[in-house]
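Enquirer: Quick one, upload_21.pdb (PDB, C-alpha atoms and all ligand atoms):
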ATOM      1  CA  MET A   1      84.281 159.884 105.349
ATOM      2  CA  SER A   2      85.273 161.884 108.392
ATOM      3  CA  THR A   3      83.565 162.896 111.582
ATOM      4  CA  LEU A   4      83.986 166.603 112.342
ATOM      5  CA  VAL A   5      84.552 167.317 116.037
ATOM      6  CA  ILE A   6      83.689 170.959 116.669
ATOM      7  CA  GLY A   7      85.485 172.186 119.778
ATOM      8  CA  ALA A   8      88.116 169.444 119.614
ATOM      9  CA  ARG A   9      90.204 171.087 122.339
ATOM     10  CA  GLY A  10      87.269 171.315 124.760
ATOM     11  CA  SER A  11      87.239 169.147 127.855
ATOM     12  CA  VAL A  12      84.623 166.824 126.321
ATOM     13  CA  GLY A  13      85.676 167.343 122.682
ATOM     14  CA  ARG A  14      89.252 166.163 123.221
ATOM     15  CA  HIS A  15      87.963 162.826 124.568
ATOM     16  CA  VAL A  16      85.556 162.548 121.624
ATOM     17  CA  VAL A  17      88.568 162.875 119.290
ATOM     18  CA  ASP A  18      90.613 160.263 121.190
ATOM     19  CA  GLN A  19      87.734 157.784 121.408
ATOM     20  CA  LEU A  20      86.756 158.149 117.738
ATOM     21  CA  LEU A  21      90.379 157.480 116.783
ATOM     22  CA  ALA A  22      90.439 154.450 119.103
ATOM     23  CA  ALA A  23      87.286 153.204 117.334
ATOM     24  CA  GLY A  24      89.117 153.454 113.991
ATOM     25  CA  GLU A  25      87.134 156.463 112.731
ATOM     26  CA  SER A  26      88.613 159.178 110.557
ATOM     27  CA  VAL A  27      88.507 162.497 112.439
ATOM     28  CA  ARG A  28      88.530 166.119 111.360
ATOM     29  CA  ALA A  29      88.996 168.415 114.345
ATOM     30  CA  SER A  30      88.007 172.059 114.510
ATOM     31  CA  VAL A  31      89.511 174.928 116.475
ATOM     32  CA  ARG A  32      88.861 178.640 116.278
ATOM     33  CA  ASP A  33      92.552 179.484 116.335
ATOM     34  CA  LEU A  34      94.959 177.218 114.466
ATOM     35  CA  ALA A  35      97.887 178.471 116.550
ATOM     36  CA  SER A  36      96.335 176.928 119.652
ATOM     37  CA  ALA A  37      95.685 173.508 118.087
ATOM     38  CA  ASP A  38      97.413 170.757 120.033
ATOM     39  CA  LEU A  39      95.795 167.642 118.637
ATOM     40  CA  PRO A  40      96.796 164.065 117.806
ATOM     41  CA  ALA A  41      98.858 163.728 114.619
ATOM     42  CA  GLU A  42      96.236 161.423 113.043
ATOM     43  CA  VAL A  43      93.537 164.117 112.836
ATOM     44  CA  SER A  44      93.155 166.747 110.169
ATOM     45  CA  VAL A  45      92.632 170.166 111.724
ATOM     46  CA  VAL A  46      90.351 172.907 110.360
ATOM     47  CA  VAL A  47      89.257 176.313 111.567
ATOM     48  CA  ALA A  48      85.541 176.525 112.363
ATOM     49  CA  ASP A  49      83.717 179.194 114.318
ATOM     50  CA  LEU A  50      80.011 178.639 114.998
ATOM     51  CA  THR A  51      79.459 182.395 114.690
ATOM     52  CA  ARG A  52      81.210 182.596 111.262
ATOM     53  CA  PRO A  53      79.275 180.871 108.438
ATOM     54  CA  ASP A  54      82.225 181.274 106.031
ATOM     55  CA  THR A  55      84.340 178.887 108.157
ATOM     56  CA  LEU A  56      81.612 176.244 108.517
ATOM     57  CA  LYS A  57      81.038 175.455 104.833
ATOM     58  CA  ALA A  58      84.655 174.380 104.337
ATOM     59  CA  ALA A  59      84.814 172.569 107.678
ATOM     60  CA  LEU A  60      81.719 170.496 106.801
ATOM     61  CA  ASP A  61      82.738 169.731 103.230
ATOM     62  CA  GLY A  62      83.027 165.935 102.810
ATOM     63  CA  VAL A  63      81.980 165.220 106.393
ATOM     64  CA  ARG A  64      79.193 162.739 107.268
ATOM     65  CA  LYS A  65      78.982 163.133 111.053
ATOM     66  CA  VAL A  66      79.451 166.025 113.478
ATOM     67  CA  PHE A  67      80.025 166.395 117.219
ATOM     68  CA  LEU A  68      78.661 169.831 118.040
ATOM     69  CA  TYR A  69      78.961 172.094 121.091
ATOM     70  CA  ALA A  70      75.667 173.900 121.668
ATOM     71  CA  PRO A  71      75.944 177.195 119.791
ATOM     72  CA  VAL A  72      73.984 179.094 122.440
ATOM     73  CA  GLY A  73      74.801 182.425 120.767
ATOM     74  CA  GLY A  74      72.804 181.382 117.671
ATOM     75  CA  THR A  75      72.275 178.246 115.608
ATOM     76  CA  GLY A  76      71.626 179.932 112.244
ATOM     77  CA  ALA A  77      75.188 179.728 110.893
ATOM     78  CA  PHE A  78      75.586 176.043 111.733
ATOM     79  CA  ILE A  79      72.155 174.988 110.470
ATOM     80  CA  GLY A  80      72.620 176.917 107.211
ATOM     81  CA  ALA A  81      75.986 175.262 106.509
ATOM     82  CA  ALA A  82      74.834 171.812 107.704
ATOM     83  CA  ARG A  83      71.875 171.857 105.291
ATOM     84  CA  GLU A  84      74.309 172.154 102.388
ATOM     85  CA  ALA A  85      76.410 169.244 103.631
ATOM     86  CA  ASP A  86      75.386 165.608 103.245
ATOM     87  CA  LEU A  87      75.176 164.764 106.951
ATOM     88  CA  GLU A  88      74.131 161.429 108.329
ATOM     89  CA  ARG A  89      74.251 162.356 112.029
ATOM     90  CA  ILE A  90      74.864 165.337 114.333
ATOM     91  CA  VAL A  91      75.494 164.676 118.026
ATOM     92  CA  LEU A  92      74.840 167.791 120.070
ATOM     93  CA  LEU A  93      76.405 168.371 123.491
ATOM     94  CA  SER A  94      73.293 169.822 125.132
ATOM     95  CA  SER A  95      72.353 169.941 128.816
ATOM     96  CA  GLY A  96      70.322 167.649 131.057
ATOM     97  CA  SER A  97      68.640 170.746 132.460
ATOM     98  CA  VAL A  98      66.369 170.762 129.380
ATOM     99  CA  LEU A  99      64.671 167.649 130.811
ATOM    100  CA  LEU A 100      64.110 168.965 134.329
ATOM    101  CA  PRO A 101      60.685 170.399 135.102
ATOM    102  CA  TYR A 102      62.175 172.514 137.909
ATOM    103  CA  ALA A 103      64.500 174.181 135.392
ATOM    104  CA  ALA A 104      61.626 175.727 133.403
ATOM    105  CA  GLY A 105      62.648 179.344 132.887
ATOM    106  CA  ASN A 106      66.247 178.743 134.049
ATOM    107  CA  ALA A 107      68.394 180.767 131.622
ATOM    108  CA  ILE A 108      71.028 178.058 131.015
ATOM    109  CA  ALA A 109      68.311 175.445 130.418
ATOM    110  CA  GLU A 110      66.430 177.825 128.113
ATOM    111  CA  GLU A 111      69.570 178.526 126.042
ATOM    112  CA  HIS A 112      70.006 174.799 125.449
ATOM    113  CA  ARG A 113      66.252 174.278 124.821
ATOM    114  CA  SER A 114      66.415 176.955 122.183
ATOM    115  CA  VAL A 115      69.343 175.189 120.413
ATOM    116  CA  GLU A 116      67.451 171.862 120.554
ATOM    117  CA  ARG A 117      64.252 173.492 119.177
ATOM    118  CA  ALA A 118      66.218 175.004 116.282
ATOM    119  CA  LEU A 119      67.790 171.638 115.390
ATOM    120  CA  ASP A 120      64.395 169.949 115.721
ATOM    121  CA  GLY A 121      62.899 172.435 113.288
ATOM    122  CA  SER A 122      65.839 172.183 110.863
ATOM    123  CA  GLY A 123      65.064 168.730 109.494
ATOM    124  CA  LEU A 124      68.698 167.740 110.114
ATOM    125  CA  PRO A 125      69.453 164.294 111.639
ATOM    126  CA  TRP A 126      70.505 165.106 115.194
ATOM    127  CA  THR A 127      70.796 163.436 118.588
ATOM    128  CA  PRO A 128      71.307 165.240 121.893
ATOM    129  CA  ILE A 129      73.668 164.209 124.698
ATOM    130  CA  ARG A 130      72.338 165.699 127.927
ATOM    131  CA  PRO A 131      74.774 165.741 130.864
ATOM    132  CA  LEU A 132      73.498 167.433 133.988
ATOM    133  CA  VAL A 133      76.558 168.359 136.087
ATOM    134  CA  LEU A 134      80.089 168.147 134.683
ATOM    135  CA  ALA A 135      82.683 166.917 137.207
ATOM    136  CA  ASN A 136      84.897 169.561 135.616
ATOM    137  CA  ASN A 137      82.866 172.260 137.371
ATOM    138  CA  ALA A 138      85.031 171.427 140.411
ATOM    139  CA  LEU A 139      87.978 172.974 138.556
ATOM    140  CA  ASN A 140      86.399 176.312 139.558
ATOM    141  CA  TRP A 141      87.654 175.471 143.079
ATOM    142  CA  ALA A 142      91.229 174.833 141.931
ATOM    143  CA  HIS A 143      92.629 178.320 142.501
ATOM    144  CA  SER A 144      91.519 178.671 146.128
ATOM    145  CA  ILE A 145      92.535 175.063 146.832
ATOM    146  CA  ARG A 146      96.011 175.674 145.428
ATOM    147  CA  THR A 147      96.543 179.041 147.068
ATOM    148  CA  GLU A 148      94.636 178.740 150.389
ATOM    149  CA  GLY A 149      93.485 175.153 150.863
ATOM    150  CA  ILE A 150      89.914 176.505 151.072
ATOM    151  CA  VAL A 151      86.724 176.045 149.019
ATOM    152  CA  ARG A 152      84.007 178.673 149.405
ATOM    153  CA  LEU A 153      80.596 177.093 148.826
ATOM    154  CA  VAL A 154      76.978 178.114 148.864
ATOM    155  CA  HIS A 155      74.869 175.172 150.095
ATOM    156  CA  PRO A 156      77.780 172.747 150.790
ATOM    157  CA  GLU A 157      75.264 169.945 151.425
ATOM    158  CA  ALA A 158      73.669 170.307 147.977
ATOM    159  CA  VAL A 159      73.903 166.890 146.301
ATOM    160  CA  MET A 160      74.541 166.176 142.640
ATOM    161  CA  ALA A 161      75.918 163.362 140.485
ATOM    162  CA  PRO A 162      78.887 164.869 138.627
ATOM    163  CA  ILE A 163      79.892 163.078 135.445
ATOM    164  CA  HIS A 164      83.429 162.582 134.115
ATOM    165  CA  GLU A 165      84.008 164.305 130.756
ATOM    166  CA  ARG A 166      85.346 160.994 129.378
ATOM    167  CA  ASP A 167      81.974 159.335 130.066
ATOM    168  CA  ILE A 168      80.110 162.152 128.309
ATOM    169  CA  ALA A 169      82.428 161.713 125.326
ATOM    170  CA  ALA A 170      81.913 157.930 125.380
ATOM    171  CA  VAL A 171      78.136 158.346 125.161
ATOM    172  CA  ALA A 172      78.588 160.881 122.349
ATOM    173  CA  VAL A 173      80.890 158.492 120.456
ATOM    174  CA  ALA A 174      78.424 155.617 120.916
ATOM    175  CA  ALA A 175      75.772 157.867 119.344
ATOM    176  CA  LEU A 176      78.133 158.938 116.534
ATOM    177  CA  VAL A 177      79.115 155.402 115.539
ATOM    178  CA  GLY A 178      75.544 154.132 115.791
ATOM    179  CA  GLU A 179      76.020 152.007 118.903
ATOM    180  CA  ALA A 180      73.486 153.962 120.972
ATOM    181  CA  GLY A 181      69.847 154.573 120.288
ATOM    182  CA  GLU A 182      67.398 157.011 121.852
ATOM    183  CA  GLU A 183      68.793 156.254 125.326
ATOM    184  CA  ALA A 184      71.865 158.394 124.503
ATOM    185  CA  GLY A 185      69.630 161.454 124.871
ATOM    186  CA  ALA A 186      68.374 160.572 128.357
ATOM    187  CA  LEU A 187      69.444 162.539 131.420
ATOM    188  CA  LEU A 188      73.191 161.802 131.730
ATOM    189  CA  THR A 189      74.816 161.840 135.171
ATOM    190  CA  GLY A 190      77.486 160.140 137.208
ATOM    191  CA  SER A 191      76.232 157.211 139.241
ATOM    192  CA  GLU A 192      76.900 158.585 142.763
ATOM    193  CA  LEU A 193      74.998 161.364 144.490
ATOM    194  CA  LEU A 194      77.627 163.453 146.280
ATOM    195  CA  SER A 195      77.288 166.619 148.314
ATOM    196  CA  GLN A 196      79.578 169.468 147.338
ATOM    197  CA  ARG A 197      81.270 168.926 150.723
ATOM    198  CA  ARG A 198      81.980 165.265 149.824
ATOM    199  CA  GLN A 199      83.394 166.287 146.438
ATOM    200  CA  VAL A 200      85.825 168.610 148.227
ATOM    201  CA  GLU A 201      86.798 165.759 150.610
ATOM    202  CA  LEU A 202      87.498 163.474 147.643
ATOM    203  CA  ILE A 203      89.662 166.139 146.000
ATOM    204  CA  GLY A 204      91.488 166.551 149.335
ATOM    205  CA  ALA A 205      92.091 162.790 149.445
ATOM    206  CA  ALA A 206      93.427 162.867 145.857
ATOM    207  CA  ILE A 207      96.032 165.515 146.755
ATOM    208  CA  ASP A 208      96.572 164.319 150.321
ATOM    209  CA  LYS A 209      95.545 167.657 151.822
ATOM    210  CA  ASN A 210      92.950 168.532 154.442
ATOM    211  CA  LEU A 211      90.776 171.145 152.730
ATOM    212  CA  GLN A 212      88.617 173.680 154.571
ATOM    213  CA  ILE A 213      85.110 174.663 153.510
ATOM    214  CA  GLU A 214      83.857 178.189 154.059
ATOM    215  CA  GLU A 215      80.085 178.471 153.678
ATOM    216  CA  LEU A 216      78.818 181.420 151.644
ATOM    217  CA  SER A 217      75.433 183.082 151.924
ATOM    218  CA  GLU A 218      73.509 183.335 148.649
ATOM    219  CA  SER A 219      74.276 187.027 148.404
ATOM    220  CA  ALA A 220      78.023 186.440 148.979
ATOM    221  CA  ALA A 221      77.920 183.673 146.349
ATOM    222  CA  ARG A 222      76.152 186.023 143.939
ATOM    223  CA  ASP A 223      78.948 188.602 144.387
ATOM    224  CA  ARG A 224      81.655 185.960 143.962
ATOM    225  CA  PHE A 225      80.147 184.299 140.832
ATOM    226  CA  GLY A 226      79.366 187.777 139.480
ATOM    227  CA  GLN A 227      83.101 188.456 139.145
ATOM    228  CA  PHE A 228      83.259 185.886 136.342
ATOM    229  CA  GLU A 229      79.721 185.507 134.929
ATOM    230  CA  LYS A 230      76.875 187.687 133.650
ATOM    231  CA  PRO A 231      74.104 188.296 136.231
ATOM    232  CA  TYR A 232      71.519 186.105 134.424
ATOM    233  CA  ILE A 233      73.986 183.187 134.357
ATOM    234  CA  VAL A 234      74.751 183.719 138.067
ATOM    235  CA  ASP A 235      71.003 183.519 138.785
ATOM    236  CA  ALA A 236      70.741 180.330 136.711
ATOM    237  CA  ILE A 237      73.687 178.664 138.519
ATOM    238  CA  LEU A 238      72.284 179.603 141.936
ATOM    239  CA  GLU A 239      68.882 178.178 140.959
ATOM    240  CA  PHE A 240      70.572 174.835 140.102
ATOM    241  CA  ILE A 241      72.512 174.732 143.386
ATOM    242  CA  LYS A 242      69.375 175.604 145.385
ATOM    243  CA  ALA A 243      67.437 172.854 143.602
ATOM    244  CA  ALA A 244      70.280 170.417 144.392
ATOM    245  CA  ALA A 245      70.141 171.501 148.041
ATOM    246  CA  ASN A 246      66.426 170.667 148.012
ATOM    247  CA  GLY A 247      66.951 167.178 146.604
ATOM    248  CA  GLY A 248      66.320 168.087 142.946
ATOM    249  CA  SER A 249      69.458 166.581 141.370
ATOM    250  CA  PRO A 250      68.964 162.936 140.407
ATOM    251  CA  ALA A 251      71.548 160.268 139.517
ATOM    252  CA  THR A 252      70.679 158.108 136.526
ATOM    253  CA  GLY A 253      71.986 154.905 135.001
ATOM    254  CA  THR A 254      72.382 156.294 131.482
ATOM    255  CA  VAL A 255      76.144 155.623 131.324
ATOM    256  CA  GLU A 256      75.604 151.980 132.312
ATOM    257  CA  GLN A 257      72.665 151.634 129.926
ATOM    258  CA  VAL A 258      74.500 153.029 126.903
ATOM    259  CA  LEU A 259      78.047 151.840 127.594
ATOM    260  CA  ARG A 260      77.315 148.649 129.578
ATOM    261  CA  ARG A 261      79.916 149.615 132.166
ATOM    262  CA  PRO A 262      79.761 151.756 135.321
ATOM    263  CA  ALA A 263      80.334 155.503 135.231
ATOM    264  CA  VAL A 264      83.802 156.698 136.293
ATOM    265  CA  PRO A 265      83.600 157.568 140.024
ATOM    266  CA  PHE A 266      84.258 161.162 141.120
ATOM    267  CA  ALA A 267      87.195 159.972 143.285
ATOM    268  CA  GLN A 268      88.905 158.790 140.098
ATOM    269  CA  TRP A 269      88.115 162.084 138.348
ATOM    270  CA  ALA A 270      89.777 163.855 141.308
ATOM    271  CA  ARG A 271      92.893 161.635 141.108
ATOM    272  CA  GLU A 272      93.199 162.222 137.354
ATOM    273  CA  HIS A 273      92.939 166.007 137.880
ATOM    274  CA  ALA A 274      95.116 166.156 141.017
ATOM    275  CA  ALA A 275      97.742 168.304 139.273
ATOM    276  CA  ASP A 276      95.125 171.059 138.803
ATOM    277  CA  PHE A 277      94.594 171.221 142.576
ATOM    278  CA  ARG A 278      98.229 171.007 143.784
TER     279      ARG A 278
HETATM  280  N1  LIG A 301      79.087 172.892 133.252
HETATM  281  C1  LIG A 301      78.125 172.001 133.348
HETATM  282  O1  LIG A 301      77.837 171.440 134.430
HETATM  283  C2  LIG A 301      77.338 171.633 132.113
HETATM  284  C3  LIG A 301      76.179 170.901 132.266
HETATM  285  C4  LIG A 301      75.478 170.514 131.119
HETATM  286  C5  LIG A 301      75.943 170.846 129.854
HETATM  287  N2  LIG A 301      77.081 171.560 129.734
HETATM  288  C6  LIG A 301      77.546 171.900 128.361
HETATM  289  O2  LIG A 301      78.912 171.558 128.253
HETATM  290  C7  LIG A 301      79.587 172.659 127.642
HETATM  291  C8  LIG A 301      81.005 172.753 128.161
HETATM  292  O3  LIG A 301      81.741 171.640 127.729
HETATM  293  P1  LIG A 301      83.334 171.617 127.938
HETATM  294  O4  LIG A 301      83.624 171.609 129.395
HETATM  295  O5  LIG A 301      83.888 170.524 127.103
HETATM  296  O6  LIG A 301      83.733 173.057 127.345
HETATM  297  P2  LIG A 301      85.145 173.701 127.121
HETATM  298  O7  LIG A 301      86.228 172.831 127.660
HETATM  299  O8  LIG A 301      85.038 175.117 127.574
HETATM  300  O9  LIG A 301      85.283 173.688 125.529
HETATM  301  C9  LIG A 301      84.453 174.430 124.709
HETATM  302  C10 LIG A 301      84.858 174.147 123.261
HETATM  303  O10 LIG A 301      83.920 174.827 122.439
HETATM  304  C11 LIG A 301      84.631 175.498 121.433
HETATM  305  N3  LIG A 301      83.903 176.706 121.057
HETATM  306  C12 LIG A 301      83.454 177.695 121.865
HETATM  307  N4  LIG A 301      82.857 178.648 121.135
HETATM  308  C13 LIG A 301      82.943 178.253 119.852
HETATM  309  C14 LIG A 301      82.530 178.810 118.619
HETATM  310  N5  LIG A 301      81.910 180.013 118.542
HETATM  311  N6  LIG A 301      82.795 178.121 117.480
HETATM  312  C15 LIG A 301      83.438 176.931 117.509
HETATM  313  N7  LIG A 301      83.868 176.350 118.636
HETATM  314  C16 LIG A 301      83.624 177.007 119.790
HETATM  315  C17 LIG A 301      85.984 175.840 122.024
HETATM  316  O11 LIG A 301      86.852 175.919 120.931
HETATM  317  P3  LIG A 301      88.336 176.551 120.915
HETATM  318  O12 LIG A 301      89.239 175.399 121.207
HETATM  319  O13 LIG A 301      88.508 177.065 119.559
HETATM  320  O14 LIG A 301      88.388 177.608 121.990
HETATM  321  C18 LIG A 301      86.248 174.655 122.944
HETATM  322  O15 LIG A 301      86.967 173.650 122.278
HETATM  323  C19 LIG A 301      78.789 173.901 128.052
HETATM  324  O16 LIG A 301      78.989 174.916 127.123
HETATM  325  C20 LIG A 301      77.371 173.377 128.088
HETATM  326  O17 LIG A 301      76.790 173.544 126.802
HETATM  327  C21 LIG A 301      77.789 171.971 130.832
END
Hey, can you dump this file as structure tokens for me?
Expert:
Amino acid sequence: MSTLVIGARGSVGRHVVDQLLAAGESVRASVRDLASADLPAEVSVVVADLTRPDTLKAALDGVRKVFLYAPVGGTGAFIGAAREADLERIVLLSSGSVLLPYAAGNAIAEEHRSVERALDGSGLPWTPIRPLVLANNALNWAHSIRTEGIVRLVHPEAVMAPIHERDIAAVAVAALVGEAGEEAGALLTGSELLSQRRQVELIGAAIDKNLQIEELSESAARDRFGQFEKPYIVDAILEFIKAAANGGSPATGTVEQVLRRPAVPFAQWAREHAADFR
């Protein structure tokens, strides 16, 4: 029986696929567009779109376990199709923000809370994975690093504990194969608290380049983020960064607890992604 990885080309999903294969599991991988599928030869590939119920029934047919990206646009299609399948376990990539009291009312946290509430009410067997800050967020700095050697930051001293996407996937796989219990759903972070400034320094060290930081006011940051995101998401991101600037972003030992090894340090994440910043 296969495990269906929904979003198998995603930054976390692709590691889930690789690690399930390494664990000897049979994997079915989903994409929305078959033409864009670039996946290991050992996986069977299906089309699944969380907004299109017709695609989900076939994708779930014969599957026992699912890795699921949070369908923040609506859970109805997935839950409807999952109820008709004979599922043993669903591991949801949620967000650690759902656990943070200071994120009450934050739009990104609320979107993920709403997905978790729907799964809770569905009667389906599900487990959340709750990373707080993806190390991959630093890829948003890649363009200005490549073209100008500059990172523009609001609150450069805000500290957070970014987590490598491979570690998130490893916790998800431990939950999928039954090697993790309730602790898989605890707040999931990297193990080092790093200011945004320090993250930029570590990226600079990885590409052997002295990077400049230009500090942005909140209103300048709002304008900049607003070029790529909806206003309510911009507000939610700024709330997180402000909370991190005020000491609200913890580092936890969840990776060590679940995987019995240390989390991958951010410096290593930066070295592995150096090509994105050159
Ligand atoms: N950024 C953070 O700090 C943070 C913190 C906590 C939690 N998170 C969670 O982590 C997620 C991002 O993870 P990531 O970096 O791995 O994302 P990613 O690289 O952008 O990948 C997203 C994947 O989801 C798939 N997908 C998107 N919409 C879909 C739909 N309607 N139906 C089926 N598949 C769909 C995409 O499939 P295709 O390949 O078909 O395009 C893609 O493979 C966020 O969405 C959030 O829920 C993020």
Enquirer: Determine the residue set returned by the PyMOL selection byres (((not hetatm)) within 6 of (chain A and resi 301)) for the present structure, and present it as a list in words.
Expert: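 Listing what the PyMOL selection byres (((not hetatm)) within 6 of (chain A and resi 301)) selects in the shown file: Ile6, Gly7, Ala8, Arg9, Gly10, Ser11, Val12, Gly13, Val31, Arg32, Asp33, Ala48, Asp49, Leu50, Thr51, Tyr69, Ala70, Ser94, Ser95, Gly96, Pro131, Leu132, Val133, Leu134 and Asn137 of chain A.
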Enquirer: Determine, for each residue of segment 85-179 of chain A having at least one atom at most 7 Å from an atom of segment 237-253 of chain A, the closest pair of atoms and their separation in Å to one decimal, counting only C-alpha atoms; order by chain and ascending number, as JSON lines.
Expert:
{"residue": "A:His155", "atom": "CA", "partner": "A:Ala245", "partner_atom": "CA", "distance": 6.3}
{"residue": "A:Glu157", "atom": "CA", "partner": "A:Ala245", "partner_atom": "CA", "distance": 6.3}
{"residue": "A:Ala158", "atom": "CA", "partner": "A:Ala245", "partner_atom": "CA", "distance": 3.7}
{"residue": "A:Val159", "atom": "CA", "partner": "A:Ala244", "partner_atom": "CA", "distance": 5.4}
{"residue": "A:Met160", "atom": "CA", "partner": "A:Ser249", "partner_atom": "CA", "distance": 5.3}
{"residue": "A:Ala161", "atom": "CA", "partner": "A:Ala251", "partner_atom": "CA", "distance": 5.4}
Enquirer: On this file, the PyMOL selection byres (((chain A and resi 75) around 12) and not hetatm) gives some set of residues; write that set as a VMD selection string.
Expert: chain A and resid 49 to 53 56 68 to 74 76 to 82 92 111 to 122
Enquirer: For a test of reading the model, state the distance in Å between atom CA of Ala184 of chain A and atom CA of Leu20 of chain A, rounded to one decimal.
Expert: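 These atoms are spaced 16.4 Å apart.
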Enquirer: With 12 Å as the threshold, what does the neighbourhood of (72.7, 187.4, 145.3) contain in terms of residues, counting all atoms listed in the file? Coordinates are those of the file; answer as a list in words.
Expert: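 Returned residue set, sorted by chain then number, is Val154, Leu216, Ser217, Glu218, Ser219, Ala220, Ala221, Arg222, Asp223, Arg224, Phe225, Gly226, Pro231, Tyr232, Ile233, Val234, Asp235, Ala236, Ile237, Leu238 and Glu239 of chain A.
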Enquirer: Smallest atom-to-atom distance to Val255 of chain A: which of A:Ile168, A:Leu194, A:Ala35, A:Val16, using all atoms listed in the file?
Expert: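 Closest to Val255 of chain A, using all atoms listed in the file: A:Ile168.
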Enquirer: Can you spell out as an MDAnalysis selection string the set of residues that the PyMOL selection byres (((chain A and resi 23-25) around 10) and not hetatm) selects in the structure I just provided?
Expert: chainID A and resid 1:3 17:22 26:28 43 173:174 177
Enquirer: Would you be able to write out as a ChimeraX atom specification which residues have an atom within 8 Å of (69.6, 164.0, 108.5) in the file's coordinates, counting all atoms listed in the file?
Expert: /A:86-90,123-126
Enquirer: Tell me which of A:Arg83, A:Leu93, A:Ala172, A:Arg271 sits closest to Ala205 of chain A, counting all atoms listed in the file.
Expert: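 Counting all atoms listed in the file, the residue closest to Ala205 of chain A is A:Arg271.
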Enquirer: In Å to one decimal, how far is atom CA of Val46 of chain A from atom CA of Ser30 of chain A?
Expert: 4.8 Å
Enquirer: Looking at all atoms listed in the file, which of A:Lys230, A:Gly149, A:Pro156, A:Thr254 is the one that sits closest to Glu215 of chain A?
Expert: A:Pro156
Enquirer: Do you have the atom CA of Asp167 of chain A-atom CA of Gln212 of chain A distance handy?
Expert: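 That distance, rounded to one decimal, is 29.2 Å.
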Enquirer: Between A:Gly204, A:Gly190, A:Pro40, A:Gly105, which is the closest to Ala274 of chain A once you count only C-alpha atoms?
Expert: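 Ranked by minimum distance to Ala274 of chain A, first place goes to A:Gly204.
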Enquirer: For a quick check of understanding, using only C-alpha atoms, which of A:Ala59, A:Ala107, A:Val264, A:Ile163 has the smallest distance to Asn136 of chain A?
Expert: A:Ile163
Enquirer: Rebuild all heavy atoms on segment 150-154 of chain A, as an mmCIF file, in the coordinates of the input?
Expert:
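Writing the result to rebuild_10.cif gives the following:
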data_model
loop_
_atom_site.group_PDB
_atom_site.id
_atom_site.type_symbol
_atom_site.label_atom_id
_atom_site.label_comp_id
_atom_site.auth_asym_id
_atom_site.auth_seq_id
_atom_site.Cartn_x
_atom_site.Cartn_y
_atom_site.Cartn_z
ATOM 1 N N ILE A 150 91.308 176.221 150.679
ATOM 2 C CA ILE A 150 89.914 176.505 151.072
ATOM 3 C C ILE A 150 89.007 176.408 149.842
ATOM 4 O O ILE A 150 89.414 176.785 148.739
ATOM 5 C CB ILE A 150 89.800 177.943 151.639
ATOM 6 C CG1 ILE A 150 90.510 178.037 152.991
ATOM 7 C CG2 ILE A 150 88.355 178.400 151.772
ATOM 8 C CD1 ILE A 150 90.469 179.413 153.628
ATOM 9 N N VAL A 151 87.759 175.933 150.059
ATOM 10 C CA VAL A 151 86.724 176.045 149.019
ATOM 11 C C VAL A 151 85.564 176.814 149.622
ATOM 12 O O VAL A 151 85.084 176.471 150.709
ATOM 13 C CB VAL A 151 86.250 174.661 148.529
ATOM 14 C CG1 VAL A 151 85.206 174.825 147.429
ATOM 15 C CG2 VAL A 151 87.424 173.844 148.003
ATOM 16 N N ARG A 152 85.140 177.870 148.929
ATOM 17 C CA ARG A 152 84.007 178.673 149.405
ATOM 18 C C ARG A 152 82.750 178.213 148.665
ATOM 19 O O ARG A 152 82.701 178.265 147.435
ATOM 20 C CB ARG A 152 84.284 180.159 149.177
ATOM 21 C CG ARG A 152 85.477 180.623 149.996
ATOM 22 C CD ARG A 152 85.810 182.090 149.851
ATOM 23 N NE ARG A 152 86.923 182.412 150.735
ATOM 24 C CZ ARG A 152 88.220 182.205 150.418
ATOM 25 N NH1 ARG A 152 88.545 181.735 149.225
ATOM 26 N NH2 ARG A 152 89.162 182.485 151.292
ATOM 27 N N LEU A 153 81.763 177.743 149.431
ATOM 28 C CA LEU A 153 80.596 177.093 148.826
ATOM 29 C C LEU A 153 79.298 177.684 149.346
ATOM 30 O O LEU A 153 79.150 177.910 150.550
ATOM 31 C CB LEU A 153 80.579 175.612 149.199
ATOM 32 C CG LEU A 153 81.673 174.706 148.669
ATOM 33 C CD1 LEU A 153 81.541 173.316 149.291
ATOM 34 C CD2 LEU A 153 81.590 174.616 147.146
ATOM 35 N N VAL A 154 78.354 177.864 148.441
ATOM 36 C CA VAL A 154 76.978 178.114 148.864
ATOM 37 C C VAL A 154 76.300 176.739 148.904
ATOM 38 O O VAL A 154 76.523 175.910 148.027
ATOM 39 C CB VAL A 154 76.277 179.106 147.903
ATOM 40 C CG1 VAL A 154 76.220 178.586 146.473
ATOM 41 C CG2 VAL A 154 74.883 179.469 148.396
#
